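Before any comments, here is the structure.
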Amino acid sequence: MNPSSFASPALPPRRLALLAAAAAAALACAPAPAQTTAAPAPAAAASEPARLPVVRASARADATQASETHEAYTSRASAAATRLDLSLRETPQSVSIVTRTQIEDFGLTSANRLLSSVTGVNVEVVETDRSYFSVRGFEVSNFQLDGIGLPFATGDQLGDIDTALYDRVEVLRGANGLLASTGNPSATVNFVRKRPTAQRQAAAALTLGRWNDVRVDADLAGPLNAGGSVRGRLVAALQDRDSHLDRYQLRKTVVGGTLEADLAEATVLSVGLSQQRNQPRSPMWGALPLAYADGTPTHYATSASSSADWAYWNTTDTQLFAELRHALSAAWELQASLLRRELSSDGEMFYVYGDAGFLPGSGTGLYSWPSKYDHVERQWLADVHVRGSVDVAGRRHDLVLGLNSGRSDNLLQSSDDDVGLPLSEAQVLAGSFPRPAFDAGRTGHAAFENRRTALYGAARINPADMLKLLLGANLTHATSSGTQYGLDHAYRHSQATPYLGLVLDLDAQHTLYASHARIFNPQHQTDLDGRVLDPIAGSNTELGLKGAWLQQRLNGSVALFRVQQDNTPEYAGFADGQSRYRGVDATSTGIELDIAGQPAPGWQLSGGYTQLRIQDATGADARPYVPRKTLRLSASHRLAALPQLKLGASVKWQGATTTVGATARQDAYALLDLMARYELGAQLSLTAQLHNATDRRHLNSLMWAQSFYGAPRSASVSLAWQH
């Protein structure tokens with residue numbers, strides 16, 4: 001449990017509003033491009049968008065193609081593992097891709113909902129507005145935007161990321177030390193932005209759901225001049241809803257604009273600005289105790305919440321990015337990317353703590369911890385790389401070489417008041433604890449800076465038509481300076497991490513692969529003596545078989561994996577107002593099956609099964625809150641007799657879990673979502689969705705000794721228009 005969350009005032013969105021207004025006006029007024037003056041495209045790709053004409057001239061698989069251009073639940077290529085455009089069969093690691101069609105079919109409007117549908121991903125919703133993610137038994141610390149990003153500064157994601165701005169989400173399981181540089185050997189999640197299009201298009205949707213849920217989406221893209229050499233895209237979403245939880249409300253606004261210009265025949269420049277603002281009221285900070293002092297499990301209504309009626313926790317995520325692509329030749333490309341990201345939050349929160357939990361019959365044993373927070377994290381990231389092909393000994397080989405640099409500045413100020421006052425059960429559940437003045441002088445402060453510079457390179461060697469070797473390495477220098485609640489937040493580490501992969505084609509449809517990758521991750525957590533823990537050292541080794549069938553419309557894989565993570569932070573106690581940790585070593589081994597695509601005409605399928613074992617250095621079972629068995633399956637079918645109708649279902653199943661120390665247990669359970677979409681015409685469709693159709697009562701997480709219940713059955717209806 002870590003009550004030391006972060007927060008900071010929202011930024012004024014003036015720059016964002018100006019860009020959005022300019023893009024909207026230009027898109028509305030620009031004439032349609034004349035076909036004779038459109039940007040030239042190679043003959044082999046004449047039917048594809050012309051925004052990257054020269055880049056598409058190579059024979060590599062195309063990982064830049066937007067998933068919104070097709071109805072599939074899979075993509076044919078990804079650059080997530082090596083920056084080389086490889087088909088999923090050619091990638092020597094497990095990859096899952098959630099496409100735009102799947103997002104819209106099942107209403108995956110938030111990262112939590114989306115990632116909970118992905119093979120092997122566990123979403124630990126420990127509070128209403130803070131989540132942890134794990135894959136193959138270990139926390140996911142890397143979220144990327146178009147392939148670049150920094151690990152979570154605090155190990156968690158504040159505020160649920162909306163998916164309105166993104167074309168697809170790629171999940172690369174295992175270590176990603178080649179490109180992510182620092183992080184855990186669990187997985188990397190890459191959010192791929194929507195981009196401007198060569199043809200004019202527009203879409204809008206209105207969604208109404210249970211608990212006064214109202215959502216509006218708008219998406220406008222197309223050329224901004226007659227020749228089509230300048231293109232734009234504007235995306236916006238607004239959601240306002242109550243909740244199944246007592247007192248909790250959320251207002252979320254998302255807006256993003258992107259401009260793209262052909263500076264020359266071989267050069268494309270993209271710039272964009274986006275912002276997401278979450279404004280929850282009566283959010284939970286911590287949750288409800290899972291057991292009484294004598295070990296008896298607690299039982300509450302599904303709507304029960306520990307939040308105070310005055311609490312709030314506003315978060316803002318503002319991103320400014322620029323990207324330059326230049327085709328050096330028919331075989332070589334240069335790409336430079338810049339990202340400036342500001343994550344801020346401010347809140348007045350109410351945390352309930354106590355070692356014993358409620359005492360049965362008395363309602364006592366818990367105590368108050370109100371706190372006021374202001375936090376801001378400013379990130380600067382830059383990446384420059386070249387990639388292409390060379391001919392050696394009569395065979396073509398692929399190369400990539402890049403330099404990546406990033407900096408993250410964190411500033412936190414907190415103020416605590418009325419800490420340690422006893423609470424009755426009725427007072428907690430009613431949210432009636434009085435708001436403190438926050439003037440008691442109990443303050444905390446953190447100010448630290450993390451820096452990272454990495455040089456990376458990889459080669460895909462082609463010794464034979466049926467065999468490919470992938471060899472790569474990353475050399476990273478990471479430093480930190482500053483203080484966190486009066487303790488030094490300082491480290492300096494340099495490390496080289498290798499990447500090894502082998503891909504062997506067994507026939508035209510099946511490939512055997514093996515890979516080994518390492519990664520390390522400097523930590524901010526402190527031990528019981530106040531020292532920062534040593535970096536996490538991780539490795540992922542996997543052996544698998546991949547297939548691509550039905551002209552690559554269906555992709556599948558089975559993988560055996562072994563993940564080793566040393567110095568994993570494990571909660572060791574609470575001292576001097578801070579959670580303390582100790583570093584532990586753990587290993588997970590398991591099997592993973594994944595499938596996605598079109599198994600038959602009219603069908604789309606995405607899902608997988610994971611079974612694993614997690615052990616500590618002594619061989620004992622570790623991290624029991626991570627389910628050992630999980631199944632994810634989403635499918636839709638367009639009826640041949642009535643092609644306007646599409647029906648779908650999504651199942652999320654997990655095995656039994658317990659808290660550390662087995663103070664609470666949750667049996668295996670499954671959540672079922674259903675959808676039906678009917679096309680009212682060429683441009684209008686109506687979609688109905690039923691979430692948790694069986695009304696399964698379940699806890700959101702057993703990661704902590706506190707938790708709260710997930711949402712019961714709910715329904716929503718969406719009316720969508722596109723042109």
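Here, A, B, ... name the chains of the structure tokens in the order displayed, residue numbers run from 1 inside each chain, and ligands are numbered from 1 in the same displayed order.
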
Test item: residues at most 8 Å from range 307-321 of chain A, only C-alpha atoms, excluding those fewer than 2 positions along its chain, as a ChimeraX atom specification: /A:7-11,158-159,247,271-285,305,323,337-351,428-433,435

Could you give me, as number ranges by chain, the residues within 8 Å of range 656-670 of chain A, counting only C-alpha atoms and dropping anything in the same chain fewer than 4 positions from it? A: 290-291, 295, 297, 623-628, 651-652, 696, 698-699, 702-705

Write a file of the selected residues as a short mmCIF file (atom, residue, chain, number, x, y, z; two decimals), in the first residue's frame, keeping C-alpha atoms.
data_model
loop_
_atom_site.label_atom_id
_atom_site.label_comp_id
_atom_site.auth_asym_id
_atom_site.auth_seq_id
_atom_site.Cartn_x
_atom_site.Cartn_y
_atom_site.Cartn_z
CA LEU A 290 -10.63 -7.30 3.01
CA ALA A 291 -10.65 -8.89 6.48
CA GLY A 295 -9.38 -13.01 9.79
CA PRO A 297 -13.67 -11.78 5.44
CA ARG A 623 2.97 -12.95 -6.03
CA PRO A 624 -0.24 -14.90 -5.35
CA TYR A 625 -2.46 -11.99 -6.43
CA VAL A 626 -1.41 -12.64 -10.04
CA PRO A 627 -3.77 -15.24 -11.57
CA ARG A 628 -1.92 -18.35 -12.73
CA VAL A 651 -14.93 -13.29 -22.35
CA LYS A 652 -12.35 -12.48 -19.69
CA ARG A 696 -20.68 -11.54 -11.80
CA HIS A 698 -15.92 -9.69 -8.25
CA LEU A 699 -13.14 -7.72 -6.60
CA LEU A 702 -6.03 -8.56 -4.53
CA MET A 703 -2.69 -6.81 -4.99
CA TRP A 704 -3.20 -4.97 -1.70
CA ALA A 705 -4.97 -5.90 1.54
#

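Ranking A:Ala261, A:Val135, A:Leu328, A:Ala458 by their shortest atom-to-atom distance to Asn122 in chain A, with only C-alpha atoms included, puts A:Val135 first.
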
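What separates CA of Gly256 in chain A from CA of Gln239 in chain A is a distance of 15.2 Å.
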
Within 10 Å of range 551-553 of chain A, counting only C-alpha atoms, which residues qualify if same-chain residues fewer than 4 places away don't, as a count of residues only? 16

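Nearest to Arg173 in chain A of all the residues A:Ala622, A:Ala517, A:Leu150, A:Leu288 is A:Ala517, counting only C-alpha atoms.
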
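Coordinates place CA of Lys468 in chain A at a distance of 10.9 Å from CA of Arg396 in chain A.
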
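Across the structure, CA of Leu208 in chain A and CA of Ala640 in chain A are spaced 29.1 Å apart.
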
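Near range 521-525 of chain A, within 6 Å and counting only C-alpha atoms, sit Thr182, Gly183, Val532, Pro535 and Ile536 of chain A, not including residues fewer than 3 positions from it in the same chain.
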
Could you save the residues just selected, with C-alpha atoms, as a PDB file, in the first residue's frame?
ATOM      1  CA  THR A 182      14.889   0.579 -19.135  1.00  0.00           C
ATOM      2  CA  GLY A 183      11.921  -1.222 -17.607  1.00  0.00           C
ATOM      3  CA  VAL A 532      17.116   3.379  -2.913  1.00  0.00           C
ATOM      4  CA  PRO A 535      18.009  -1.665 -10.236  1.00  0.00           C
ATOM      5  CA  ILE A 536      15.694  -4.413 -11.345  1.00  0.00           C
TER       6      ILE A 536
END

Counting only C-alpha atoms, what is within 10 Å of range 505-508 of chain A, bar same-chain residues fewer than 2 positions away, as a list in words? Arg89, Glu90, Asp465, Met466, Leu467, Lys468, Val503, His510, Thr511, Leu512, Tyr513, Leu545, Lys546, Gly547, Ala548 and Trp549 of chain A

Written selection (N, CA and C atoms) as a PDB file, in the first residue's frame:
ATOM      1  N   ARG A  89       4.815 -13.088 -37.881  1.00  0.00           N
ATOM      2  CA  ARG A  89       5.555 -14.348 -37.977  1.00  0.00           C
ATOM      3  C   ARG A  89       7.052 -14.128 -37.878  1.00  0.00           C
ATOM      4  N   GLU A  90       7.533 -13.012 -38.405  1.00  0.00           N
ATOM      5  CA  GLU A  90       8.974 -12.736 -38.414  1.00  0.00           C
ATOM      6  C   GLU A  90       9.483 -12.168 -37.097  1.00  0.00           C
ATOM      7  N   ASP A 465      17.006 -18.510 -47.136  1.00  0.00           N
ATOM      8  CA  ASP A 465      15.626 -18.091 -47.327  1.00  0.00           C
ATOM      9  C   ASP A 465      14.748 -18.472 -46.143  1.00  0.00           C
ATOM     10  N   MET A 466      15.044 -19.584 -45.515  1.00  0.00           N
ATOM     11  CA  MET A 466      14.192 -20.083 -44.440  1.00  0.00           C
ATOM     12  C   MET A 466      14.671 -19.674 -43.047  1.00  0.00           C
ATOM     13  N   LEU A 467      15.817 -18.997 -42.955  1.00  0.00           N
ATOM     14  CA  LEU A 467      16.409 -18.700 -41.652  1.00  0.00           C
ATOM     15  C   LEU A 467      16.753 -17.218 -41.534  1.00  0.00           C
ATOM     16  N   LYS A 468      16.375 -16.611 -40.395  1.00  0.00           N
ATOM     17  CA  LYS A 468      16.727 -15.228 -40.088  1.00  0.00           C
ATOM     18  C   LYS A 468      17.291 -15.171 -38.675  1.00  0.00           C
ATOM     19  N   VAL A 503      14.631 -17.035 -36.237  1.00  0.00           N
ATOM     20  CA  VAL A 503      13.359 -17.330 -36.876  1.00  0.00           C
ATOM     21  C   VAL A 503      13.611 -18.352 -37.982  1.00  0.00           C
ATOM     22  N   HIS A 510       4.263 -21.689 -41.379  1.00  0.00           N
ATOM     23  CA  HIS A 510       4.651 -21.931 -39.996  1.00  0.00           C
ATOM     24  C   HIS A 510       6.119 -21.580 -39.771  1.00  0.00           C
ATOM     25  N   THR A 511       6.372 -20.972 -38.592  1.00  0.00           N
ATOM     26  CA  THR A 511       7.712 -20.508 -38.247  1.00  0.00           C
ATOM     27  C   THR A 511       8.030 -20.897 -36.812  1.00  0.00           C
ATOM     28  N   LEU A 512       9.213 -21.453 -36.622  1.00  0.00           N
ATOM     29  CA  LEU A 512       9.734 -21.738 -35.291  1.00  0.00           C
ATOM     30  C   LEU A 512      10.651 -20.587 -34.892  1.00  0.00           C
ATOM     31  N   TYR A 513      10.520 -20.093 -33.664  1.00  0.00           N
ATOM     32  CA  TYR A 513      11.359 -18.965 -33.249  1.00  0.00           C
ATOM     33  C   TYR A 513      11.867 -19.162 -31.827  1.00  0.00           C
ATOM     34  N   LEU A 545       6.197 -21.247 -31.631  1.00  0.00           N
ATOM     35  CA  LEU A 545       5.794 -21.586 -32.983  1.00  0.00           C
ATOM     36  C   LEU A 545       4.724 -20.595 -33.410  1.00  0.00           C
ATOM     37  N   LYS A 546       4.895 -19.992 -34.596  1.00  0.00           N
ATOM     38  CA  LYS A 546       3.933 -19.029 -35.120  1.00  0.00           C
ATOM     39  C   LYS A 546       3.398 -19.507 -36.461  1.00  0.00           C
ATOM     40  N   GLY A 547       2.173 -19.079 -36.736  1.00  0.00           N
ATOM     41  CA  GLY A 547       1.568 -19.411 -38.008  1.00  0.00           C
ATOM     42  C   GLY A 547       0.814 -18.231 -38.574  1.00  0.00           C
ATOM     43  N   ALA A 548       0.757 -18.161 -39.883  1.00  0.00           N
ATOM     44  CA  ALA A 548      -0.043 -17.154 -40.589  1.00  0.00           C
ATOM     45  C   ALA A 548      -0.794 -17.882 -41.689  1.00  0.00           C
ATOM     46  N   TRP A 549      -2.123 -17.875 -41.592  1.00  0.00           N
ATOM     47  CA  TRP A 549      -2.946 -18.667 -42.498  1.00  0.00           C
ATOM     48  C   TRP A 549      -3.918 -17.772 -43.263  1.00  0.00           C
TER      49      TRP A 549
END

At a cut-off of 7 Å, using only C-alpha atoms, what residues contact Gly174 in chain A? Leave out same-chain residues fewer than 5 positions from it and give the result as a PyMOL selection string. chain A and resi 185-187+540

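Between Ala301 in chain A and the residues A:Arg697, A:Val171, A:Thr687, A:Leu719, the shortest atom-to-atom distance, using only C-alpha atoms, involves A:Arg697.
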
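DSSP on the backbone gives helix (DSSP H, G or I) for these parts of range 233-451 of chain A: Glu425, Ala426, Gln427, Val428, Leu429 and Ala430 of chain A.
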
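Distances from A:His397, A:Lys372, A:Arg130, A:Arg562 to Pro463 in chain A were compared using only C-alpha atoms, and the smallest one belongs to A:His397.
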
Kindly indicate which residue among A:Ala266, A:Ala720, A:Ala81, A:Leu647 lies nearest to Arg215 in chain A, using only C-alpha atoms for the distances. A:Ala720

What's the 9 Å shell around Ala437 in chain A, counting only C-alpha atoms, without same-chain residues fewer than 2 positions away, as a ChimeraX atom specification? /A:417-418,435,439-440

Mind the document's chain letters and residue numbers, and return as a PyMOL selection string the residues of range 75-246 of chain A that DSSP labels strand (DSSP E or B). chain A and resi 77-78+86-87+95-98+110+121-127+130-135+138-139+142-145+148+151+157-158+162+166-173+182+187-193+201-209+213-223+230-241

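The residue that comes closest to Leu633 in chain A, out of A:Gln683, A:Gln199, A:Thr163, A:Thr610 and on the basis of only C-alpha atoms, is A:Thr610.
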